[in-house]
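Containing PDB, C-alpha atoms: coords-v9.pdb.
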```pdb
ATOM      1  CA  MET A1451    -121.839  -2.738   8.281
ATOM      2  CA  ALA A1452    -120.040  -6.103   8.269
ATOM      3  CA  PHE A1453    -119.362  -5.678   4.562
ATOM      4  CA  MET A1454    -117.706  -2.299   5.136
ATOM      5  CA  LEU A1455    -115.500  -3.773   7.862
ATOM      6  CA  MET A1456    -114.409  -6.605   5.564
ATOM      7  CA  LEU A1457    -113.734  -4.132   2.763
ATOM      8  CA  ARG A1458    -111.676  -1.924   5.061
ATOM      9  CA  ARG A1459    -109.616  -4.914   6.302
ATOM     10  CA  GLY A1460    -109.115  -6.130   2.742
ATOM     11  CA  LEU A1461    -107.843  -2.739   1.637
ATOM     12  CA  TRP A1462    -105.520  -2.559   4.633
ATOM     13  CA  VAL A1463    -104.070  -5.996   3.850
ATOM     14  CA  MET A1464    -103.601  -5.019   0.202
ATOM     15  CA  VAL A1465    -101.809  -1.782   1.137
ATOM     16  CA  LEU A1466     -99.486  -3.640   3.522
ATOM     17  CA  THR A1467     -98.762  -6.323   0.924
ATOM     18  CA  LEU A1468     -97.931  -3.780  -1.776
ATOM     19  CA  THR A1469     -95.750  -1.838   0.647
ATOM     20  CA  VAL A1470     -93.739  -4.958   1.455
ATOM     21  CA  VAL A1471     -93.447  -5.989  -2.200
ATOM     22  CA  PHE A1472     -92.271  -2.584  -3.378
ATOM     23  CA  SER A1473     -90.013  -1.977  -0.390
ATOM     24  CA  PHE A1474     -88.086  -5.214  -0.614
ATOM     25  CA  GLY A1475     -88.778  -6.425  -4.145
ATOM     26  CA  GLY A1476     -86.136  -4.288  -5.844
ATOM     27  CA  THR A1477     -83.235  -5.670  -3.883
ATOM     28  CA  ALA A1478     -84.025  -9.243  -4.855
ATOM     29  CA  PHE A1479     -83.302  -8.422  -8.504
ATOM     30  CA  ALA A1480     -80.054  -6.516  -8.023
ATOM     31  CA  ALA A1481     -77.088  -8.019  -9.829
ATOM     32  CA  ASP A1482     -74.331  -9.619  -7.785
ATOM     33  CA  LEU A1483     -71.096  -8.135  -9.154
ATOM     34  CA  GLY A1484     -68.990 -10.502  -7.037
ATOM     35  CA  ASN A1485     -70.721 -13.473  -8.598
ATOM     36  CA  GLY A1486     -70.420 -11.777 -12.006
ATOM     37  CA  ALA A1487     -66.648 -11.597 -11.514
ATOM     38  CA  LYS A1488     -66.528 -15.324 -10.735
ATOM     39  CA  VAL A1489     -68.686 -16.208 -13.741
ATOM     40  CA  PHE A1490     -66.515 -13.990 -15.955
ATOM     41  CA  ALA A1491     -63.295 -15.594 -14.700
ATOM     42  CA  ALA A1492     -64.643 -19.091 -15.280
ATOM     43  CA  ASN A1493     -66.363 -18.556 -18.639
ATOM     44  CA  CYS A1494     -65.267 -15.364 -20.365
ATOM     45  CA  ALA A1495     -61.729 -14.418 -19.371
ATOM     46  CA  SER A1496     -60.068 -16.875 -21.740
ATOM     47  CA  CYS A1497     -61.212 -14.701 -24.663
ATOM     48  CA  HIS A1498     -61.899 -11.413 -22.876
ATOM     49  CA  VAL A1499     -59.053 -11.146 -20.381
ATOM     50  CA  GLY A1500     -58.835  -7.610 -19.011
ATOM     51  CA  GLY A1501     -61.793  -6.537 -21.144
ATOM     52  CA  GLY A1502     -59.998  -7.345 -24.372
ATOM     53  CA  ASN A1503     -60.888  -9.755 -27.149
ATOM     54  CA  VAL A1504     -58.274 -12.281 -28.290
ATOM     55  CA  VAL A1505     -60.406 -13.394 -31.254
ATOM     56  CA  ASN A1506     -61.289  -9.959 -32.670
ATOM     57  CA  ARG A1507     -59.125  -7.231 -31.188
ATOM     58  CA  SER A1508     -61.338  -4.457 -32.570
ATOM     59  CA  LYS A1509     -64.378  -5.603 -30.542
ATOM     60  CA  THR A1510     -63.290  -5.314 -26.921
ATOM     61  CA  LEU A1511     -65.368  -4.886 -23.801
ATOM     62  CA  SER A1512     -64.227  -1.292 -23.407
ATOM     63  CA  GLN A1513     -66.882   1.380 -22.937
ATOM     64  CA  ALA A1514     -65.953   2.903 -26.296
ATOM     65  CA  ASP A1515     -66.319  -0.377 -28.201
ATOM     66  CA  LEU A1516     -69.513  -1.388 -26.411
ATOM     67  CA  THR A1517     -70.984   1.996 -27.357
ATOM     68  CA  LYS A1518     -69.610   1.838 -30.925
ATOM     69  CA  TYR A1519     -71.223  -1.548 -31.550
ATOM     70  CA  GLY A1520     -74.492  -0.812 -29.714
ATOM     71  CA  MET A1521     -73.770  -3.203 -26.858
ATOM     72  CA  ASN A1522     -73.708  -0.683 -23.995
ATOM     73  CA  SER A1523     -76.878  -1.772 -22.211
ATOM     74  CA  LEU A1524     -77.673  -4.573 -19.804
ATOM     75  CA  ASP A1525     -80.327  -6.012 -22.119
ATOM     76  CA  LYS A1526     -77.947  -6.126 -25.102
ATOM     77  CA  VAL A1527     -75.149  -7.831 -23.149
ATOM     78  CA  ILE A1528     -77.612 -10.329 -21.666
ATOM     79  CA  VAL A1529     -78.839 -11.242 -25.170
ATOM     80  CA  GLN A1530     -75.234 -11.593 -26.406
ATOM     81  CA  VAL A1531     -74.190 -13.843 -23.529
ATOM     82  CA  THR A1532     -77.398 -15.879 -23.677
ATOM     83  CA  ASN A1533     -77.510 -16.474 -27.433
ATOM     84  CA  GLY A1534     -73.920 -15.917 -28.495
ATOM     85  CA  LYS A1535     -72.922 -14.561 -31.890
ATOM     86  CA  PRO A1536     -70.181 -16.311 -33.865
ATOM     87  CA  PRO A1537     -67.481 -16.790 -32.928
ATOM     88  CA  MET A1538     -68.814 -16.296 -29.376
ATOM     89  CA  PRO A1539     -70.774 -19.327 -28.149
ATOM     90  CA  SER A1540     -74.159 -19.276 -26.453
ATOM     91  CA  PHE A1541     -74.115 -19.678 -22.687
ATOM     92  CA  LYS A1542     -77.844 -20.317 -22.172
ATOM     93  CA  SER A1543     -77.288 -24.003 -21.497
ATOM     94  CA  ARG A1544     -74.246 -23.428 -19.272
ATOM     95  CA  LEU A1545     -75.313 -20.492 -17.107
ATOM     96  CA  THR A1546     -78.502 -19.630 -15.250
ATOM     97  CA  ALA A1547     -80.405 -16.433 -16.014
ATOM     98  CA  ASP A1548     -79.101 -14.960 -12.735
ATOM     99  CA  GLN A1549     -75.504 -15.810 -13.642
ATOM    100  CA  ILE A1550     -75.943 -14.222 -17.064
ATOM    101  CA  GLU A1551     -77.400 -11.059 -15.528
ATOM    102  CA  ASP A1552     -74.565 -10.958 -12.985
ATOM    103  CA  VAL A1553     -71.836 -11.336 -15.603
ATOM    104  CA  ALA A1554     -73.500  -8.786 -17.904
ATOM    105  CA  SER A1555     -73.680  -6.291 -15.032
ATOM    106  CA  TYR A1556     -70.059  -7.040 -14.157
ATOM    107  CA  VAL A1557     -68.933  -6.389 -17.749
ATOM    108  CA  LEU A1558     -70.770  -3.056 -17.886
ATOM    109  CA  ASP A1559     -69.425  -2.053 -14.473
ATOM    110  CA  LYS A1560     -65.848  -2.885 -15.464
ATOM    111  CA  ALA A1561     -66.243  -1.119 -18.823
ATOM    112  CA  ALA A1562     -67.490   2.014 -17.065
ATOM    113  CA  SER A1563     -64.438   1.991 -14.785
ATOM    114  CA  GLY A1564     -61.960   1.308 -17.605
ATOM    115  CA  TRP A1565     -61.230  -2.315 -16.657
TER
END
```

Rewrite the structure of this file - the entire thing - as structure tokens.
Amino acid sequence: MAFMLMLRRGLWVMVLTLTVVFSFGGTAFAADLGNGAKVFAANCASCHVGGGNVVNRSKTLSQADLTKYGMNSLDKVIVQVTNGKPPMPSFKSRLTADQIEDVASYVLDKAASGW
């Protein structure tokens, strides 16, 4: 009988824990577009002002170009910002993973709205 009571309490605690994790866990990972805008202004705008590209004008941050070059997903932009690709430098030693996710989300959001 005592074993059944312990089992029942354990299951109840597990259900409550999972409910809390899944109810609030998703919001902790949401990108901060405001922070993404700040990171972009400080690190990206010199080459990508207004979603353009001063180094290679054919590879802008427009929705059309991101799609054309297979860069229209969060994962792809995160990899590009993290590792760079000449002539774009890597930002993995300058930005945190959260900052990179924020700026990648910001770029995709701005591209979707036409900059």

- [ ] Write out as a PyMOL selection string which residues come within 12 Å of A:Leu1516 when counting all atoms listed in the file, dropping same-chain ones fewer than 3 positions away.
- [x] chain A and resi 1501-1502+1508-1513+1519-1524+1526-1527+1530+1554+1557-1562+1564

Open item on the list: Env of A:Ala1481: 10 Å cut, atoms = only C-alpha atoms, seq-sep filter 5 positions within chain, self excluded. Answer as an NGL selection string.
Closed with: :A and (1486 or 1548-1556)

Axis-aligned box over every listed atom of stretch 1524-1533 of chain A, padded by 6 Å per side: centre and edges in Å to one decimal, as JSON?
```
{"center_x": -77.3, "center_y": -10.5, "center_z": -23.6, "size_x": 18.1, "size_y": 23.9, "size_z": 19.6}
```

Task: Residues near A:Val1499, cut-off 10 Å, all atoms listed in the file, skip fewer than 4 positions along chain, as JSON, numbers by chain - done: {"A": [1490, 1491, 1494, 1495, 1503, 1504, 1510, 1511, 1565]}

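You will find atom CA of A:Thr1532 at 13.2 Å from atom CA of A:Val1489.
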
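In terms of minimum interatomic distance to A:Pro1536, A:Val1505 ranks closest within A:Val1505, A:Lys1488, A:Ser1496, A:Ala1480, counting only C-alpha atoms.
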
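Atom CA of A:Arg1507 to atom CA of A:Lys1535 spans 15.6 Å [interatomic distance, one decimal].
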
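Distances from A:Asp1515, A:Gly1500, A:Ala1487, A:Val1529 to A:Ala1547 were compared using all atoms listed in the file, and the smallest one belongs to A:Val1529.
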
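One distance worth recording is that between atom CA of A:Pro1537 and atom CA of A:Ser1563, which is 26.3 Å.
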
Open item on the list: My list of candidates is A:Ile1528, A:Ala1492, A:Asn1485, A:Met1538. Which is closest to A:Asn1506 when distances are computed with all atoms listed in the file?
Closed with: A:Met1538
